[in-house]
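Student: Before I ask anything, let me first share the structure, which is written out below as structure tokens.
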Amino acid sequence: MALLEVYKLNKRFGGLLAVNDVSFQVNPGQIKAVIGPNGAGKTTLFNMISGTFPATSGSVVFQDWDLKGKKPFQVAERGMARTFQNIKMFSGMTALENVMVGRHVQSSAGFFSSMFRMPWTWKEERAIRDKAMEFLALLEIEEFANTDASSLAFGQQRAVELARALALEPQLLLLDEPAAGLNIYETAEVGRLITKIRDLGITVLLVEHDMSLVMDISDEIVVLCFGEKIAEDSPQNIQQDPEVIKIYLGED
Ligand SMILES: Nc1ncnc2c1ncn2[C@@H]1O[C@H](COP(=O)(O)OP(=O)(O)OP(=O)(O)O)[C@@H](O)[C@H]1O
Ligand SMILES: [Mg+2]
């Protein structure tokens with residue numbers, strides 16, 4: 001059974017249909033990618049899936065649970081974590097503290113009180129810190145635990161961001177352009193980390209422009225163009241799809 005089911009999803013911004021009748025499923029344990037040219041509707045699709053804003057019509061069902069009317073924190077609590085197209089580190093906080101913030105949505109104290117630095121019990125604080133260290137270690141950046149996150153190299157900031165999302169202990173991880181702004185070595189590294197996350201049993205849905213990364217790590221690919229789904233297949237078949245080749249390479 002599908003972990004995530006997107007059905008006839010639409011998003012209208014005034015006269016623009018940014019997402020047009022898009023349907024697809026994400027099965028447990030897979031890395032699924034959404035690709036398409038700039039403005040195709042990929043981030044808009046993610047925003048509806050994560051509850052950032054409502055769909056104009058259609059449905060998103062996550063673990064048999066209809067997301068209609070749900071707020072992002074409710075979606076997160078239910079087991080869906082996301083990262084954003086632009087890296088968002090909390091500046092003035094260490095890598096460890098950035099991951100601890102992600103963890104607080106799991107704790108009884110909650111995400112918002114953690115943001116406003118309300119007191120937690122020491123025991124809870126300690127448990128959160130230990131768990132956050134585990135995620136930093138998983139992403140191979142524990143040596144930077146006490147470094148100001150915003151001073152790290154982009155590739156390392158990406159890893160902190162992934163650790164922060166994993167701290168929610170999600171079933172599904174949404175990644176919006178995890179390789180954006182990274183050099184080829186950092187991109188390969190992020191690809192390896194995403195595969196490692198998938199191998200832990202966490203399902204991944206990602207938007208990405210770096211085609212070699214997408215083709216390398218994805219189990220299945222959805223192609224969007226002007227809001228519409230024009231293809232959905234394995235990386236091998238997508239690379240040979242005439243319509244996909246046309247939108248990426250032009251008529252010739
Ligand atoms: N809040 C908004 N209000 C109005 N139009 C919007 C809004 N957000 C996105 N759009 C428009 O919707 C379309 C899809 O945008 P979206 O950001 O989803 O594309 P994308 O596929 O993520 O592109 P990119 O690859 O550049 O990140 C674009 O034409 C964009 O200008
Ligand atoms: Mg986008």
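Each chain of the structure tokens is named A, B, ... in the order shown, its residues numbered from 1; ligands are numbered from 1 in display order.
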Please identify all protein, DNA and RNA residues within 12 Å of ligand 1, counting only C-alpha atoms and all ligand atoms, and report them as a CSV table (one decimal) with N, CA and C atoms, in the first residue's frame.
Tutor:
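Once everything was written out, this is out.csv:
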chain,number,residue,atom,x,y,z
A,10,ASN,N,-4.6,20.1,-7.5
A,10,ASN,CA,-4.6,21.4,-8.3
A,10,ASN,C,-4.2,22.5,-7.4
A,11,LYS,N,-3.5,23.5,-7.9
A,11,LYS,CA,-3.2,24.7,-7.2
A,11,LYS,C,-3.4,25.9,-8.2
A,12,ARG,N,-4.3,26.8,-7.9
A,12,ARG,CA,-4.5,27.9,-8.7
A,12,ARG,C,-4.0,29.2,-8.0
A,13,PHE,N,-3.1,29.9,-8.7
A,13,PHE,CA,-2.7,31.3,-8.2
A,13,PHE,C,-3.3,32.3,-9.1
A,14,GLY,N,-4.4,32.9,-8.8
A,14,GLY,CA,-5.1,33.8,-9.8
A,14,GLY,C,-5.4,33.1,-11.0
A,15,GLY,N,-4.9,33.6,-12.1
A,15,GLY,CA,-5.1,32.9,-13.4
A,15,GLY,C,-4.2,31.8,-13.8
A,16,LEU,N,-3.3,31.5,-12.9
A,16,LEU,CA,-2.3,30.5,-13.2
A,16,LEU,C,-2.6,29.1,-12.5
A,17,LEU,N,-2.7,28.1,-13.3
A,17,LEU,CA,-2.8,26.8,-12.7
A,17,LEU,C,-1.4,26.2,-12.5
A,18,ALA,N,-0.8,26.4,-11.3
A,18,ALA,CA,0.6,26.0,-11.0
A,18,ALA,C,0.7,24.5,-10.9
A,19,VAL,N,-0.3,23.8,-10.4
A,19,VAL,CA,-0.3,22.4,-10.4
A,19,VAL,C,-1.6,21.9,-10.9
A,20,ASN,N,-1.6,21.1,-12.0
A,20,ASN,CA,-2.8,20.8,-12.7
A,20,ASN,C,-3.1,19.3,-12.7
A,34,VAL,N,10.8,14.2,-8.1
A,34,VAL,CA,10.0,15.0,-8.9
A,34,VAL,C,10.9,16.0,-9.7
A,35,ILE,N,10.9,15.9,-11.0
A,35,ILE,CA,11.7,16.8,-11.8
A,35,ILE,C,10.9,17.6,-12.7
A,36,GLY,N,11.5,18.6,-13.3
A,36,GLY,CA,10.8,19.5,-14.3
A,36,GLY,C,11.5,20.8,-14.3
A,37,PRO,N,11.3,21.6,-15.4
A,37,PRO,CA,11.9,22.9,-15.6
A,37,PRO,C,11.5,23.9,-14.5
A,38,ASN,N,12.2,25.0,-14.4
A,38,ASN,CA,11.9,26.0,-13.5
A,38,ASN,C,10.4,26.4,-13.7
A,39,GLY,N,9.7,26.6,-12.5
A,39,GLY,CA,8.3,27.0,-12.6
A,39,GLY,C,7.3,25.9,-12.9
A,40,ALA,N,7.8,24.7,-13.0
A,40,ALA,CA,6.9,23.6,-13.3
A,40,ALA,C,5.9,23.3,-12.3
A,41,GLY,N,6.1,23.7,-11.0
A,41,GLY,CA,5.1,23.5,-10.0
A,41,GLY,C,5.6,22.6,-8.9
A,42,LYS,N,6.9,22.3,-8.9
A,42,LYS,CA,7.5,21.3,-7.9
A,42,LYS,C,7.4,21.7,-6.5
A,43,THR,N,7.8,23.0,-6.2
A,43,THR,CA,7.7,23.5,-4.8
A,43,THR,C,6.3,23.7,-4.4
A,44,THR,N,5.5,24.1,-5.3
A,44,THR,CA,4.0,24.3,-5.0
A,44,THR,C,3.4,22.9,-4.6
A,45,LEU,N,3.8,21.9,-5.3
A,45,LEU,CA,3.4,20.5,-5.0
A,45,LEU,C,3.8,20.1,-3.6
A,46,PHE,N,5.1,20.4,-3.3
A,46,PHE,CA,5.6,20.1,-2.0
A,46,PHE,C,4.9,20.8,-0.9
A,47,ASN,N,4.6,22.1,-1.1
A,47,ASN,CA,3.9,22.9,-0.1
A,47,ASN,C,2.5,22.4,0.2
A,48,MET,N,1.8,21.8,-0.8
A,48,MET,CA,0.5,21.2,-0.6
A,48,MET,C,0.7,19.9,0.2
A,52,THR,N,1.8,23.3,4.0
A,52,THR,CA,2.2,24.7,4.0
A,52,THR,C,1.1,25.6,3.5
A,53,PHE,N,0.4,25.2,2.4
A,53,PHE,CA,-0.8,25.8,2.0
A,53,PHE,C,-1.8,24.8,1.4
A,54,PRO,N,-3.1,25.2,1.5
A,54,PRO,CA,-4.1,24.2,1.0
A,54,PRO,C,-4.1,24.0,-0.5
A,84,PHE,N,13.9,22.7,2.9
A,84,PHE,CA,13.5,23.8,2.0
A,84,PHE,C,14.5,24.0,0.9
A,85,GLN,N,14.0,24.7,-0.1
A,85,GLN,CA,14.8,24.9,-1.3
A,85,GLN,C,16.1,25.8,-0.9
A,86,ASN,N,15.9,26.7,0.0
A,86,ASN,CA,17.1,27.5,0.5
A,86,ASN,C,17.4,27.0,1.9
A,175,LEU,N,12.5,16.4,0.4
A,175,LEU,CA,13.7,17.2,0.2
A,175,LEU,C,13.5,18.1,-1.1
A,176,ASP,N,13.5,19.4,-0.9
A,176,ASP,CA,13.4,20.3,-2.0
A,176,ASP,C,14.8,20.8,-2.4
A,177,GLU,N,15.3,20.2,-3.5
A,177,GLU,CA,16.6,20.5,-4.1
A,177,GLU,C,17.8,20.4,-3.1
A,178,PRO,N,18.0,19.2,-2.6
A,178,PRO,CA,19.0,19.0,-1.6
A,178,PRO,C,20.4,19.3,-2.2
A,180,ALA,N,21.1,21.9,-4.3
A,180,ALA,CA,21.2,23.2,-4.8
A,180,ALA,C,22.4,23.9,-4.1
A,206,LEU,N,11.9,13.6,-3.4
A,206,LEU,CA,12.7,14.8,-3.6
A,206,LEU,C,12.5,15.5,-4.9
A,207,VAL,N,12.7,16.8,-4.8
A,207,VAL,CA,12.7,17.7,-6.0
A,207,VAL,C,14.1,18.0,-6.2
A,208,GLU,N,14.6,17.8,-7.5
A,208,GLU,CA,16.0,18.1,-7.7
A,208,GLU,C,16.2,18.4,-9.2
A,209,HIS,N,17.2,19.4,-9.5
A,209,HIS,CA,17.5,19.8,-10.8
A,209,HIS,C,18.8,19.0,-11.3
A,210,ASP,N,19.6,18.5,-10.4
A,210,ASP,CA,20.8,17.8,-10.8
A,210,ASP,C,20.5,16.4,-11.3
A,223,VAL,N,7.7,13.5,-13.8
A,223,VAL,CA,8.2,14.7,-14.5
A,223,VAL,C,7.0,15.6,-14.6
A,224,LEU,N,7.2,16.9,-14.1
A,224,LEU,CA,6.2,17.9,-14.2
A,224,LEU,C,6.6,18.9,-15.3
A,225,CYS,N,5.7,19.4,-16.1
A,225,CYS,CA,5.9,20.5,-17.0
A,225,CYS,C,4.7,21.4,-17.0
A,226,PHE,N,4.9,22.7,-16.8
A,226,PHE,CA,3.8,23.6,-16.7
A,226,PHE,C,2.6,23.1,-15.8
A,227,GLY,N,3.0,22.5,-14.7
A,227,GLY,CA,2.0,22.1,-13.7
A,227,GLY,C,1.4,20.7,-13.9
A,228,GLU,N,1.7,20.1,-15.1
A,228,GLU,CA,1.1,18.8,-15.4
A,228,GLU,C,2.1,17.7,-15.3
A,229,LYS,N,1.7,16.5,-14.9
A,229,LYS,CA,2.6,15.4,-14.9
A,229,LYS,C,2.6,14.8,-16.4
Student: Near A:Ile245, counting only C-alpha atoms, which residues have an atom at most 12 Å away, once you skip same-chain residues fewer than 6 positions from it, shown as a list in words?
Tutor: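 So, after excluding close chain neighbours, the residues are Gly36, Pro37, Val223, Ile230, Ala231, Asn237, Ile238, Gln239, Glu251 and Asp252 of chain A.
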Student: Can I get the selected residues back with C-alpha atoms, as a short mmCIF file (atom, residue, chain, number, x, y, z; two decimals), in the first residue's frame?
Tutor:
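Result went into again29.cif, see below:
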data_model
loop_
_atom_site.label_atom_id
_atom_site.label_comp_id
_atom_site.auth_asym_id
_atom_site.auth_seq_id
_atom_site.Cartn_x
_atom_site.Cartn_y
_atom_site.Cartn_z
CA GLY A 36 10.78 19.49 -14.28
CA PRO A 37 11.90 22.87 -15.60
CA VAL A 223 8.16 14.66 -14.50
CA ILE A 230 3.93 14.32 -18.32
CA ALA A 231 5.73 11.13 -17.29
CA ASN A 237 12.85 4.78 -19.02
CA ILE A 238 12.62 8.50 -18.16
CA GLN A 239 15.99 9.09 -19.83
CA GLU A 251 13.05 20.40 -30.20
CA ASP A 252 16.43 19.29 -31.60
#
Student: Need to verify the contact set: A:Phe62, 7 Å, only C-alpha atoms, exclusion of same-chain residues closer than 4 positions in sequence. Can you return it as number ranges by chain?
Tutor: A: 3-5, 66
Student: Restricting the calculation to only C-alpha atoms: of A:Asp219, A:Gly29, A:Ala127, A:Ala81, which residue gets closest to A:Asp199?
Tutor: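 Counting only C-alpha atoms, the residue closest to A:Asp199 is A:Gly29.
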